[in-house]
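Trainee: File follows, final_35.cif with mmCIF, C-alpha atoms:
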data_my_file
#
loop_
_atom_site.label_atom_id
_atom_site.label_comp_id
_atom_site.auth_asym_id
_atom_site.auth_seq_id
_atom_site.Cartn_x
_atom_site.Cartn_y
_atom_site.Cartn_z
CA MET L 1 0.00 0.00 0.00
CA ARG L 2 1.32 3.44 -0.88
CA THR L 3 1.45 6.07 1.84
CA ASN L 4 1.82 9.82 1.82
CA LYS L 5 4.90 11.12 3.59
CA GLY L 6 4.09 12.97 6.81
CA GLN L 7 0.51 11.80 6.90
CA VAL L 8 -0.47 11.16 10.51
CA GLY L 9 -2.05 7.80 11.05
CA MET L 10 -0.78 6.32 7.78
CA ALA L 11 1.75 3.56 8.08
CA GLY L 12 5.26 4.88 7.68
CA ALA L 13 8.77 3.69 8.26
CA LYS L 14 8.90 4.94 11.82
CA GLY L 15 5.20 5.56 12.48
CA PRO L 16 3.70 8.80 13.79
CA ARG L 17 5.62 10.77 16.39
CA PHE L 18 4.23 10.49 19.89
CA PRO L 19 2.80 13.91 20.91
CA TYR L 20 4.69 14.54 24.14
CA VAL L 21 4.08 18.30 23.98
CA LEU L 22 0.35 17.72 23.63
CA LEU L 23 0.24 15.42 26.66
CA ALA L 24 2.33 17.81 28.72
CA THR L 25 -0.04 20.65 27.85
CA TRP L 26 -3.03 18.53 28.82
CA GLY L 27 -1.43 17.57 32.13
CA LEU L 28 -0.50 21.12 33.13
CA THR L 29 -3.87 22.63 32.20
CA ARG L 30 -5.83 19.90 33.96
CA LEU L 31 -3.71 20.22 37.07
CA LEU L 32 -4.60 23.89 37.11
CA LEU L 33 -8.32 23.08 36.76
CA LEU L 34 -8.11 20.65 39.67
CA LEU L 35 -6.35 23.25 41.82
CA PHE L 36 -9.21 25.65 41.09
CA VAL L 37 -12.08 23.25 41.83
CA PHE L 38 -10.37 22.01 45.01
CA LYS L 39 -9.94 25.71 45.90
CA VAL L 40 -6.19 25.63 46.30
CA PHE L 41 -6.43 28.67 44.03
CA VAL L 42 -9.50 30.90 43.93
CA PHE L 43 -10.95 31.52 40.48
CA PRO L 44 -12.39 35.03 40.03
CA GLY L 45 -16.16 35.47 40.04
CA PRO L 46 -18.88 33.49 41.82
CA ASP L 47 -18.12 29.99 43.10
CA VAL L 48 -18.86 27.65 40.19
CA THR L 49 -18.48 24.54 42.35
CA SER L 50 -21.68 25.21 44.33
CA ASP L 51 -23.70 23.27 41.77
CA VAL L 52 -21.85 20.16 42.92
CA SER L 53 -21.59 20.87 46.65
CA VAL L 54 -25.21 22.02 46.98
CA THR L 55 -27.49 21.13 44.05
CA TYR L 56 -25.96 17.83 42.94
CA GLN L 57 -25.41 16.64 46.48
CA ASN L 58 -29.03 17.39 47.41
CA TRP L 59 -30.20 15.44 44.36
CA TYR L 60 -27.86 12.64 45.33
CA GLU L 61 -29.56 12.26 48.71
CA VAL L 62 -33.00 12.07 47.03
CA LEU L 63 -31.91 9.71 44.25
CA ARG L 64 -30.47 7.30 46.79
CA THR L 65 -34.01 6.70 48.04
CA GLY L 66 -35.07 5.36 44.63
CA THR L 67 -36.98 8.36 43.29
CA PHE L 68 -36.24 11.48 41.27
CA PRO L 69 -36.24 14.92 42.94
CA LEU L 70 -39.73 15.74 41.65
CA ASP L 71 -40.24 18.56 44.15
CA ASP L 72 -37.29 20.45 42.67
CA VAL L 73 -38.07 22.23 39.38
CA THR L 74 -34.35 22.60 38.73
CA TRP L 75 -34.25 18.87 37.97
CA GLN L 76 -34.53 19.21 34.20
CA TYR L 77 -32.60 16.23 32.95
CA PRO L 78 -33.39 12.85 31.37
CA PRO L 79 -33.50 9.86 33.72
CA ALA L 80 -29.97 8.55 33.10
CA ALA L 81 -28.64 11.81 34.53
CA ALA L 82 -29.26 10.09 37.85
CA LEU L 83 -26.29 7.84 37.04
CA ALA L 84 -23.98 10.85 36.75
CA ILE L 85 -25.29 12.39 39.97
CA LEU L 86 -24.94 9.08 41.82
CA SER L 87 -21.49 8.30 40.34
CA PRO L 88 -19.48 9.72 43.28
CA ALA L 89 -20.69 6.69 45.25
CA LEU L 90 -18.08 4.77 43.24
CA LEU L 91 -15.44 6.55 45.34
CA PRO L 92 -16.77 6.11 48.91
CA PHE L 93 -13.40 7.05 50.42
CA LEU L 94 -13.87 10.63 49.16
CA ALA L 95 -16.41 13.30 50.05
CA TYR L 96 -19.15 13.80 47.44
CA THR L 97 -17.70 16.96 45.88
CA GLU L 98 -14.15 15.61 45.81
CA ALA L 99 -15.33 12.36 44.19
CA PHE L 100 -17.30 14.25 41.56
CA PHE L 101 -14.31 16.38 40.57
CA VAL L 102 -12.13 13.28 40.29
CA LEU L 103 -14.71 11.56 38.06
CA ALA L 104 -15.06 14.68 35.88
CA PHE L 105 -11.28 14.65 35.49
CA ALA L 106 -11.47 10.94 34.59
CA ALA L 107 -14.07 11.68 31.89
CA ASP L 108 -11.77 14.36 30.48
CA LEU L 109 -8.92 11.83 30.45
CA ILE L 110 -11.07 9.20 28.73
CA ALA L 111 -12.04 11.67 26.00
CA LEU L 112 -8.39 12.54 25.50
CA GLY L 113 -7.46 8.87 25.26
CA LEU L 114 -10.18 8.14 22.70
CA LEU L 115 -9.18 11.09 20.54
CA LEU L 116 -5.49 10.31 20.77
CA TYR L 117 -6.06 6.66 19.92
CA ALA L 118 -8.11 7.65 16.87
CA ALA L 119 -5.46 10.14 15.75
CA LEU L 120 -2.51 7.79 16.10
CA ARG L 121 -4.12 4.52 15.08
CA PRO L 122 -6.89 5.24 12.58
CA ALA L 123 -9.65 2.83 11.66
CA ALA L 124 -9.39 1.09 8.32
CA GLY L 125 -11.75 2.25 5.61
CA GLU L 126 -12.91 0.23 2.63
CA ASP L 127 -9.93 1.39 0.54
CA GLY L 128 -7.30 1.73 3.24
CA PRO L 129 -6.64 3.67 6.44
CA VAL L 130 -8.73 6.77 7.10
CA PRO L 131 -6.50 9.89 6.92
CA VAL L 132 -6.40 11.47 10.38
CA SER L 133 -4.67 14.24 12.28
CA VAL L 134 -3.84 15.18 15.88
CA ARG L 135 -5.30 18.66 15.37
CA GLY L 136 -8.57 17.34 16.79
CA VAL L 137 -6.80 16.28 19.97
CA TRP L 138 -5.38 19.77 20.29
CA VAL L 139 -8.91 21.20 20.09
CA TRP L 140 -9.84 19.17 23.18
CA VAL L 141 -6.61 19.93 25.01
CA ILE L 142 -6.97 23.69 24.48
CA GLY L 143 -10.74 24.11 24.53
CA VAL L 144 -11.57 22.52 27.88
CA PRO L 145 -9.31 24.70 30.08
CA LEU L 146 -10.46 27.82 28.24
CA LEU L 147 -13.83 27.33 29.96
CA GLY L 148 -12.26 27.36 33.41
CA PRO L 149 -13.29 25.27 36.44
CA THR L 150 -16.92 25.18 35.30
CA VAL L 151 -15.99 22.14 33.19
CA TYR L 152 -15.26 19.98 36.23
CA SER L 153 -18.23 21.41 38.14
CA ARG L 154 -20.90 20.09 35.77
CA TYR L 155 -21.59 16.58 34.52
CA ASP L 156 -21.53 17.73 30.89
CA VAL L 157 -17.91 16.61 30.48
CA MET L 158 -19.09 13.05 31.23
CA VAL L 159 -21.81 13.29 28.58
CA THR L 160 -19.34 14.72 26.08
CA ALA L 161 -16.97 11.80 26.65
CA VAL L 162 -19.84 9.44 25.75
CA ALA L 163 -20.56 11.49 22.61
CA VAL L 164 -16.90 11.43 21.56
CA ALA L 165 -16.85 7.65 22.00
CA ALA L 166 -20.05 7.30 19.96
CA LEU L 167 -18.81 9.31 16.98
CA LEU L 168 -15.42 7.61 16.88
CA ALA L 169 -17.02 4.16 17.18
CA GLY L 170 -19.35 4.97 14.29
CA VAL L 171 -16.50 4.69 11.76
CA ARG L 172 -16.49 0.89 12.07
CA HIS L 173 -19.17 -0.08 14.58
CA PRO L 174 -22.49 1.69 13.85
CA LYS L 175 -24.39 -0.43 16.38
CA VAL L 176 -22.03 0.66 19.16
CA MET L 177 -22.49 4.25 18.03
CA GLY L 178 -26.26 3.86 18.25
CA VAL L 179 -26.14 2.42 21.76
CA LEU L 180 -23.79 5.13 23.00
CA ALA L 181 -25.87 7.88 21.36
CA ALA L 182 -28.96 6.51 23.13
CA LEU L 183 -27.13 6.45 26.45
CA GLY L 184 -25.95 10.02 25.86
CA ALA L 185 -29.50 11.14 25.00
CA MET L 186 -30.73 9.60 28.24
CA LEU L 187 -28.06 11.59 30.04
CA LYS L 188 -28.74 14.98 28.44
CA VAL L 189 -30.84 14.72 25.23
CA TRP L 190 -28.47 16.48 22.80
CA PRO L 191 -26.36 13.38 21.92
CA LEU L 192 -29.38 12.15 19.96
CA LEU L 193 -28.22 14.64 17.32
CA LEU L 194 -25.13 12.50 16.74
CA LEU L 195 -27.26 10.32 14.47
CA VAL L 196 -28.21 13.14 12.07
CA GLY L 197 -25.44 12.36 9.59
CA THR L 198 -25.57 8.58 9.90
CA THR L 199 -26.76 6.77 6.80
CA GLY L 200 -26.85 3.16 7.98
CA ARG L 201 -29.92 1.70 9.62
CA LYS L 202 -27.87 -0.24 12.13
CA ALA L 203 -27.02 2.83 14.21
CA TRP L 204 -30.62 4.09 14.26
CA ALA L 205 -32.00 0.65 15.12
CA ALA L 206 -29.48 0.13 17.90
CA ALA L 207 -30.20 3.61 19.29
CA ALA L 208 -33.96 3.01 19.28
CA ALA L 209 -33.61 -0.36 20.99
CA ALA L 210 -31.18 0.97 23.62
CA ALA L 211 -33.30 4.06 24.32
CA ALA L 212 -36.45 1.97 24.72
CA ALA L 213 -34.67 -0.43 27.07
CA LEU L 214 -33.21 2.34 29.21
CA ALA L 215 -36.50 4.24 29.35
CA SER L 216 -38.35 1.11 30.39
CA VAL L 217 -35.89 0.40 33.18
CA PHE L 218 -36.22 3.89 34.63
CA VAL L 219 -39.99 4.06 34.27
CA VAL L 220 -40.40 0.77 36.09
CA SER L 221 -37.77 1.30 38.77
CA MET L 222 -38.04 5.04 39.56
CA PRO L 223 -41.23 7.14 39.39
CA GLY L 224 -41.21 10.48 37.56
CA ALA L 225 -38.47 9.57 35.08
CA PHE L 226 -39.75 11.98 32.43
CA ALA L 227 -41.09 14.79 34.60
CA PHE L 228 -38.15 16.88 33.35
CA LEU L 229 -40.06 17.51 30.10
CA THR L 230 -42.61 19.64 31.95
CA PHE L 231 -39.94 21.56 33.83
CA GLN L 232 -38.09 22.34 30.59
CA ARG L 233 -41.28 23.63 28.99
CA ASP L 234 -41.64 26.36 31.60
CA ARG L 235 -38.15 27.82 31.23
CA GLY L 236 -37.71 31.44 30.18
CA THR L 237 -34.93 33.45 28.54
CA GLU L 238 -31.64 33.02 30.34
CA VAL L 239 -29.32 36.05 30.64
CA GLU L 240 -26.54 34.50 28.53
CA SER L 241 -28.67 33.39 25.59
CA LEU L 242 -28.83 35.03 22.17
CA GLY L 243 -32.35 36.30 22.83
CA SER L 244 -31.30 37.86 26.13
CA LEU L 245 -29.44 40.59 24.23
CA VAL L 246 -32.82 42.15 23.46
CA PHE L 247 -33.44 42.73 27.16
CA HIS L 248 -29.87 43.66 28.03
CA VAL L 249 -30.19 46.55 25.61
CA ALA L 250 -33.82 47.27 26.53
CA ARG L 251 -32.87 47.77 30.19
CA HIS L 252 -30.95 50.85 29.08
CA HIS L 253 -34.12 52.22 27.45
CA GLY L 254 -36.67 51.86 30.21
CA TRP L 255 -37.68 48.19 30.06
CA GLU L 256 -39.27 47.35 33.41
CA GLY L 257 -38.44 43.69 33.72
CA GLN L 258 -36.01 42.10 36.15
CA VAL L 259 -33.35 39.42 36.45
CA LEU L 260 -34.09 36.57 38.87
CA LEU L 261 -32.98 33.05 39.63
CA ASN L 262 -35.67 30.99 37.93
CA TYR L 263 -35.74 27.24 37.17
CA GLY L 264 -32.12 26.90 38.20
CA SER L 265 -30.68 29.67 36.04
CA VAL L 266 -30.57 33.46 36.02
CA GLU L 267 -33.35 34.57 33.67
CA PHE L 268 -35.13 37.69 32.51
CA LEU L 269 -38.70 38.03 33.78
CA GLY L 270 -41.12 40.72 32.69
CA PRO L 271 -42.85 42.19 29.63
CA TYR L 272 -42.22 40.50 26.27
CA VAL L 273 -40.00 37.77 27.71
CA ASP L 274 -42.53 35.16 26.61
CA VAL L 275 -42.40 36.61 23.07
CA VAL L 276 -38.61 36.33 22.85
CA SER L 277 -38.74 32.80 24.30
CA THR L 278 -41.32 31.84 21.68
CA VAL L 279 -39.15 33.26 18.91
CA ALA L 280 -36.23 31.19 20.23
CA LEU L 281 -38.38 28.06 20.04
CA MET L 282 -39.40 28.99 16.50
CA LEU L 283 -35.74 29.39 15.52
CA THR L 284 -35.04 25.95 16.97
CA GLY L 285 -37.90 24.62 14.84
CA LEU L 286 -36.40 26.26 11.76
CA ALA L 287 -33.04 24.72 12.66
CA PHE L 288 -34.68 21.30 12.73
CA GLY L 289 -36.24 22.07 9.34
CA TRP L 290 -32.85 23.01 7.88
CA LEU L 291 -31.34 19.76 9.15
CA LEU L 292 -34.19 17.80 7.61
CA LEU L 293 -33.74 19.62 4.28
CA TRP L 294 -30.00 18.98 4.37
CA ARG L 295 -30.53 15.30 5.04
CA LEU L 296 -32.96 15.01 2.11
CA CYS L 297 -30.61 16.86 -0.25
CA ALA L 298 -27.27 15.39 0.80
CA THR L 299 -25.91 12.76 -1.59
CA ARG L 300 -22.27 12.42 -0.53
CA PHE L 301 -21.53 10.90 2.87
CA LEU L 302 -17.84 10.50 3.64
CA VAL L 303 -16.15 9.09 6.72
CA HIS L 304 -16.15 12.48 8.45
CA THR L 305 -19.69 13.49 7.50
CA ALA L 306 -21.34 12.03 10.60
CA ALA L 307 -19.08 14.08 12.89
CA ASP L 308 -19.45 17.25 10.81
CA ALA L 309 -23.24 16.92 10.76
CA ALA L 310 -23.39 16.27 14.51
CA PHE L 311 -21.24 19.34 15.17
CA MET L 312 -23.45 21.43 12.92
CA ALA L 313 -26.65 20.14 14.52
CA VAL L 314 -25.50 20.85 18.07
CA LEU L 315 -24.30 24.31 17.00
CA LEU L 316 -27.77 25.04 15.62
CA PHE L 317 -29.62 23.93 18.72
CA THR L 318 -27.15 25.58 21.11
CA THR L 319 -27.23 28.95 19.36
CA THR L 320 -31.04 29.07 19.10
CA SER L 321 -31.61 27.81 22.65
CA ARG L 322 -33.32 29.90 25.32
CA VAL L 323 -30.38 28.96 27.51
CA ILE L 324 -26.70 29.02 26.55
CA SER L 325 -25.01 27.92 29.74
CA PRO L 326 -21.18 27.88 29.80
CA GLN L 327 -21.06 24.08 29.97
CA TYR L 328 -22.83 23.89 26.59
CA LEU L 329 -19.51 24.90 25.03
CA VAL L 330 -17.99 21.64 26.32
CA TRP L 331 -20.29 19.76 23.93
CA LEU L 332 -19.11 21.85 21.00
CA VAL L 333 -15.44 21.47 21.90
CA GLY L 334 -15.82 17.68 22.05
CA LEU L 335 -17.63 17.46 18.71
CA ALA L 336 -15.22 19.88 17.03
CA ALA L 337 -12.36 17.73 18.28
CA VAL L 338 -13.84 14.61 16.68
CA CYS L 339 -14.43 16.48 13.40
CA LEU L 340 -10.80 17.58 13.14
CA ILE L 341 -9.51 14.09 13.88
CA PHE L 342 -10.50 13.39 10.27
CA ARG L 343 -8.37 15.14 7.66
CA GLY L 344 -11.30 15.38 5.28
CA SER L 345 -13.38 17.50 7.67
CA ARG L 346 -13.95 21.10 6.61
CA MET L 347 -14.91 22.26 10.12
CA GLY L 348 -11.57 23.95 10.86
CA TRP L 349 -12.82 27.54 10.92
CA PRO L 350 -16.00 26.80 12.92
CA ALA L 351 -13.83 24.92 15.42
CA VAL L 352 -11.54 27.93 15.79
CA MET L 353 -14.56 30.17 16.34
CA VAL L 354 -15.81 27.84 19.06
CA LEU L 355 -12.42 27.93 20.78
CA VAL L 356 -12.43 31.74 20.78
CA ALA L 357 -16.03 31.66 22.04
CA CYS L 358 -14.81 29.50 24.95
CA LEU L 359 -12.43 32.28 25.98
CA PHE L 360 -15.21 34.87 25.96
CA THR L 361 -17.48 32.42 27.77
CA VAL L 362 -15.16 32.16 30.77
CA LEU L 363 -14.96 35.96 30.77
CA GLU L 364 -18.73 36.40 30.87
CA PHE L 365 -19.10 33.52 33.36
CA PRO L 366 -17.85 33.47 35.98
CA ILE L 367 -15.27 36.28 35.81
CA PHE L 368 -17.56 39.18 34.81
CA PHE L 369 -20.92 37.55 35.48
CA ALA L 370 -21.95 40.42 37.75
CA ASP L 371 -21.63 42.74 34.73
CA VAL L 372 -23.73 40.38 32.64
CA VAL L 373 -26.48 40.26 35.27
CA ALA L 374 -26.39 44.05 35.62
CA SER L 375 -26.39 44.56 31.83
CA THR L 376 -23.34 46.84 31.97
CA ASP L 377 -21.57 47.85 28.78
CA LEU L 378 -18.84 45.29 29.49
CA GLY L 379 -21.34 42.52 30.12
CA ILE L 380 -23.23 43.26 26.90
CA GLU L 381 -20.02 43.48 24.86
CA LEU L 382 -18.85 40.07 26.12
CA LEU L 383 -22.20 38.48 25.25
CA VAL L 384 -22.31 40.11 21.81
CA ILE L 385 -18.85 38.75 20.99
CA ARG L 386 -19.45 35.27 22.43
CA ASN L 387 -22.90 34.81 20.91
CA GLY L 388 -21.78 36.45 17.68
CA LEU L 389 -18.98 33.89 17.39
CA LEU L 390 -21.47 31.06 17.92
CA VAL L 391 -23.75 32.46 15.21
CA ALA L 392 -20.80 32.86 12.85
CA ALA L 393 -19.62 29.32 13.58
CA THR L 394 -23.13 27.98 12.97
CA VAL L 395 -23.55 29.75 9.63
CA THR L 396 -20.04 28.83 8.47
CA ALA L 397 -20.45 25.19 9.47
CA GLY L 398 -23.79 25.02 7.68
CA VAL L 399 -22.36 26.41 4.46
CA LEU L 400 -19.35 24.10 4.59
CA LEU L 401 -21.46 21.03 5.34
CA TRP L 402 -23.81 21.86 2.47
CA ARG L 403 -20.94 22.35 0.04
CA ASP L 404 -19.26 19.14 1.14
CA THR L 405 -22.34 16.93 0.85
CA VAL L 406 -24.88 18.61 -1.44
CA SER L 407 -23.37 21.09 -3.89
CA TYR L 408 -19.88 19.65 -4.20
CA ALA L 409 -18.23 19.97 -7.61
CA ASP L 410 -15.63 17.20 -7.45
CA PRO L 411 -16.39 13.49 -7.46
CA ALA L 412 -16.37 11.85 -4.05
CA PRO L 413 -12.96 10.49 -3.03
CA ALA L 414 -12.62 6.96 -1.75
CA PRO L 415 -13.31 6.82 2.02
CA GLY L 416 -9.74 5.97 2.89
CA ARG L 417 -7.96 8.37 0.54
CA ALA L 418 -6.98 11.97 0.97
CA THR L 419 -8.34 14.62 -1.39
CA PRO L 420 -6.05 17.25 -2.97
CA ALA L 421 -7.17 19.69 -0.28
CA ASP L 422 -5.97 17.26 2.36
CA ALA L 423 -2.42 17.58 1.13
CA ASP L 424 -2.44 21.26 2.04
CA GLU L 425 -3.29 20.37 5.64
CA GLU L 426 -0.49 17.86 6.20
CA SER L 427 1.73 20.50 7.74
CA LEU L 428 -0.81 20.94 10.56
CA ALA L 429 -0.22 17.41 11.84
CA SER L 430 2.54 16.70 14.31
#
What does the file become when written as structure tokens?

Mentor:
Amino acid sequence: MRTNKGQVGMAGAKGPRFPYVLLATWGLTRLLLLLFVFKVFVFPGPDVTSDVSVTYQNWYEVLRTGTFPLDDVTWQYPPAAALAILSPALLPFLAYTEAFFVLAFAADLIALGLLLYAALRPAAGEDGPVPVSVRGVWVWVIGVPLLGPTVYSRYDVMVTAVAVAALLAGVRHPKVMGVLAALGAMLKVWPLLLLVGTTGRKAWAAAAAAAAALASVFVVSMPGAFAFLTFQRDRGTEVESLGSLVFHVARHHGWEGQVLLNYGSVEFLGPYVDVVSTVALMLTGLAFGWLLLWRLCATRFLVHTAADAAFMAVLLFTTTSRVISPQYLVWLVGLAAVCLIFRGSRMGWPAVMVLVACLFTVLEFPIFFADVVASTDLGIELLVIRNGLLVAATVTAGVLLWRDTVSYADPAPAPGRATPADADEESLAS
């Protein structure tokens, strides 16, 4: 078999270089995150670990009794989220918060391992090895610490690790992908979007069977498994969302609403909030319509298409959401990392935009969150930049996905071969 010189993941005389610098960077940044969550160092802004020490731990005590916290409207998660909240019981020698941080770190490490394995030892396609690159691993290594200690203070990093595993498994094992996507959806809904770009029926069938089995287990064993759907319905417009910019500006022109803690997040309450929330839901509906149209029109599905489509889908639903919490960016970082593992992916620029958005996210929460809540000029500017980057990434990713799968001009390359454009990217691999 012929190989291209310098191509990461292709068999060469000496094989790919082991990325020591990458691992050292991961180790140093994660050590810093652990020092922040364990409060050896104090991160500026409000304490982001209170969700674990207060909210999660309170849920943990209720879940241990065999029921969901139905009296708490902030419980807005699918039933398998109980597994994440209960997971610190696996480390009984640690206090709840300490155990949770350790497990969040472990999920981060697992995601790194999966990405690194895929980048250094690619799966075999029908016509040879799939061209890969370590640039996707770098996205994960850099993107996670940019979000600050919030990453280890939410269970989203655990869900993202499952999503990364699902997408990478889909290259050769669609049934495994389907099962993992179903598990992820039962943890936090959005991983269901991983299946958008999957063409085989095996993944969909496996996902449906796994989701039905998991749902049945929770419905039978724990009452109120799907009460979260009602709680989600009643949410308003959160202060960090795209729609919130309307009220941030309106407060400077006499709008008489207020900002309150509502349904577990800081939201705007007052005149016209319901209108903006409805518009956000309509935009989400339009996003679903665009995805459906894309799926009907797409005719070229390459090895990286499933990851690109999943990234695009989650971008759409994140950007149009009534809530854009900081931990949502963890999802995007994970999916962008998987996309850029594949050399054929065209999601480079959207991934860069997401990384920059992560930087502005940690600035708006928690560092300058008081300015965001008060709608100061600084708070508004940070939100405009962060949300503007997410909109730009969404539009760019949509255009690139469409061009790559619908309106492409060149014939489709073999799944395991690099295109001419891939040759230009070889210098990015190391």

Trainee: If I put a ball of radius 6 Å at (-36.1, 34.1, 31.9) in the file's coordinates, which residues poke into it when counting all atoms listed in the file, written as a PyMOL selection string?

Mentor: chain L and resi 236-238+267-269

Trainee: Taking the point (-39.3, 13.1, 36.6) as given in the file, collect each protein or nucleic acid residue that comes within 10 Å of it, counting only C-alpha atoms, and present the set as a list of chain:residue names.

Mentor: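 Residues close enough to count: L:Thr67, L:Phe68, L:Pro69, L:Leu70, L:Asp71, L:Asp72, L:Val73, L:Trp75, L:Gln76, L:Tyr77, L:Pro78, L:Pro79, L:Phe218, L:Val219, L:Met222, L:Pro223, L:Gly224, L:Ala225, L:Phe226, L:Ala227, L:Phe228, L:Leu229, L:Thr230, L:Phe231.
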
Trainee: How would the residues just picked look written out with C-alpha atoms as a PDB file, in the frame of the given file?

Mentor:
ATOM      1  CA  THR L  67     -36.980   8.360  43.290  1.00  0.00           C
ATOM      2  CA  PHE L  68     -36.240  11.480  41.270  1.00  0.00           C
ATOM      3  CA  PRO L  69     -36.240  14.920  42.940  1.00  0.00           C
ATOM      4  CA  LEU L  70     -39.730  15.740  41.650  1.00  0.00           C
ATOM      5  CA  ASP L  71     -40.240  18.560  44.150  1.00  0.00           C
ATOM      6  CA  ASP L  72     -37.290  20.450  42.670  1.00  0.00           C
ATOM      7  CA  VAL L  73     -38.070  22.230  39.380  1.00  0.00           C
ATOM      8  CA  TRP L  75     -34.250  18.870  37.970  1.00  0.00           C
ATOM      9  CA  GLN L  76     -34.530  19.210  34.200  1.00  0.00           C
ATOM     10  CA  TYR L  77     -32.600  16.230  32.950  1.00  0.00           C
ATOM     11  CA  PRO L  78     -33.390  12.850  31.370  1.00  0.00           C
ATOM     12  CA  PRO L  79     -33.500   9.860  33.720  1.00  0.00           C
ATOM     13  CA  PHE L 218     -36.220   3.890  34.630  1.00  0.00           C
ATOM     14  CA  VAL L 219     -39.990   4.060  34.270  1.00  0.00           C
ATOM     15  CA  MET L 222     -38.040   5.040  39.560  1.00  0.00           C
ATOM     16  CA  PRO L 223     -41.230   7.140  39.390  1.00  0.00           C
ATOM     17  CA  GLY L 224     -41.210  10.480  37.560  1.00  0.00           C
ATOM     18  CA  ALA L 225     -38.470   9.570  35.080  1.00  0.00           C
ATOM     19  CA  PHE L 226     -39.750  11.980  32.430  1.00  0.00           C
ATOM     20  CA  ALA L 227     -41.090  14.790  34.600  1.00  0.00           C
ATOM     21  CA  PHE L 228     -38.150  16.880  33.350  1.00  0.00           C
ATOM     22  CA  LEU L 229     -40.060  17.510  30.100  1.00  0.00           C
ATOM     23  CA  THR L 230     -42.610  19.640  31.950  1.00  0.00           C
ATOM     24  CA  PHE L 231     -39.940  21.560  33.830  1.00  0.00           C
TER      25      PHE L 231
END

Trainee: Of the candidates L:Tyr155, L:Trp255, L:Tyr328, L:Trp26, which shows the shortest atom-to-atom distance to Ser87 in chain L, using all atoms listed in the file?

Mentor: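 Nearest candidate to Ser87 in chain L out of L:Tyr155, L:Trp255, L:Tyr328, L:Trp26: L:Tyr155.
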
Trainee: Which neighbours of Val352 in chain L fall inside 12 Å, counting only C-alpha atoms, when residues of the same chain fewer than 2 positions from it are skipped, and could you give them as a PyMOL selection string?

Mentor: chain L and resi 135-136+138-140+142-143+332-333+336-337+340+346-350+354-359+389-390+392-394+396-397

Trainee: At what distance in Å, to one decimal, does CA of Ala163 in chain L lie from CA of Ile341 in chain L?

Mentor: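 Distance reported for this atom pair: 14.3 Å.
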
Trainee: Just checking: using all atoms listed in the file, which residue out of L:Val196, L:Val259, L:Leu283, L:Leu296 ends up closest to Leu316 in chain L?

Mentor: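 Nearest to Leu316 in chain L: L:Leu283.
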
Trainee: To one decimal place, how far is CA of Gly243 in chain L from CA of Val330 in chain L in Å?

Mentor: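 Here the two named atoms are 20.8 Å from each other.
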
Trainee: Using only C-alpha atoms, which of L:Leu286, L:Leu112, L:Ala80, L:Ala99 sits nearest Ser216 in chain L?

Mentor: L:Ala80

Trainee: Might you spell out which residues the PyMOL selection byres ((chain L and resi 30-36) around 8) would select in the displayed file, as a PyMOL selection string?

Mentor: chain L and resi 26-29+37-43+101+105+145+148-149+152

Trainee: Enter the distance from CA of Tyr56 in chain L to CA of Val362 in chain L, in Å, rounded to one decimal.

Mentor: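 Here the two named atoms are 21.7 Å from each other.
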
Trainee: Generate the coordinates of N, CA, C and O atoms for range 142-148 of chain L; report them as a compact mmCIF listing (two decimals), keeping the file's coordinate frame.

Mentor:
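Wrote it out as result-v3.txt, contents follow:
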# COMPACT_ATOMS: atom_id res chain seq x y z
N ILE L 142 -6.92 22.23 24.29
CA ILE L 142 -6.97 23.69 24.48
C ILE L 142 -8.36 24.16 24.90
O ILE L 142 -8.50 25.03 25.77
N GLY L 143 -9.39 23.59 24.31
CA GLY L 143 -10.74 24.11 24.53
C GLY L 143 -11.27 23.93 25.93
O GLY L 143 -11.90 24.84 26.48
N VAL L 144 -11.02 22.78 26.54
CA VAL L 144 -11.57 22.52 27.88
C VAL L 144 -11.07 23.52 28.93
O VAL L 144 -11.87 24.12 29.65
N PRO L 145 -9.75 23.74 29.06
CA PRO L 145 -9.31 24.70 30.08
C PRO L 145 -9.72 26.14 29.81
O PRO L 145 -9.78 26.95 30.74
N LEU L 146 -10.01 26.47 28.55
CA LEU L 146 -10.46 27.82 28.24
C LEU L 146 -11.78 28.15 28.94
O LEU L 146 -12.10 29.31 29.16
N LEU L 147 -12.54 27.12 29.29
CA LEU L 147 -13.83 27.33 29.96
C LEU L 147 -13.69 27.43 31.46
O LEU L 147 -14.68 27.69 32.16
N GLY L 148 -12.49 27.21 31.98
CA GLY L 148 -12.26 27.36 33.41
C GLY L 148 -12.81 26.20 34.23
O GLY L 148 -13.20 25.16 33.70
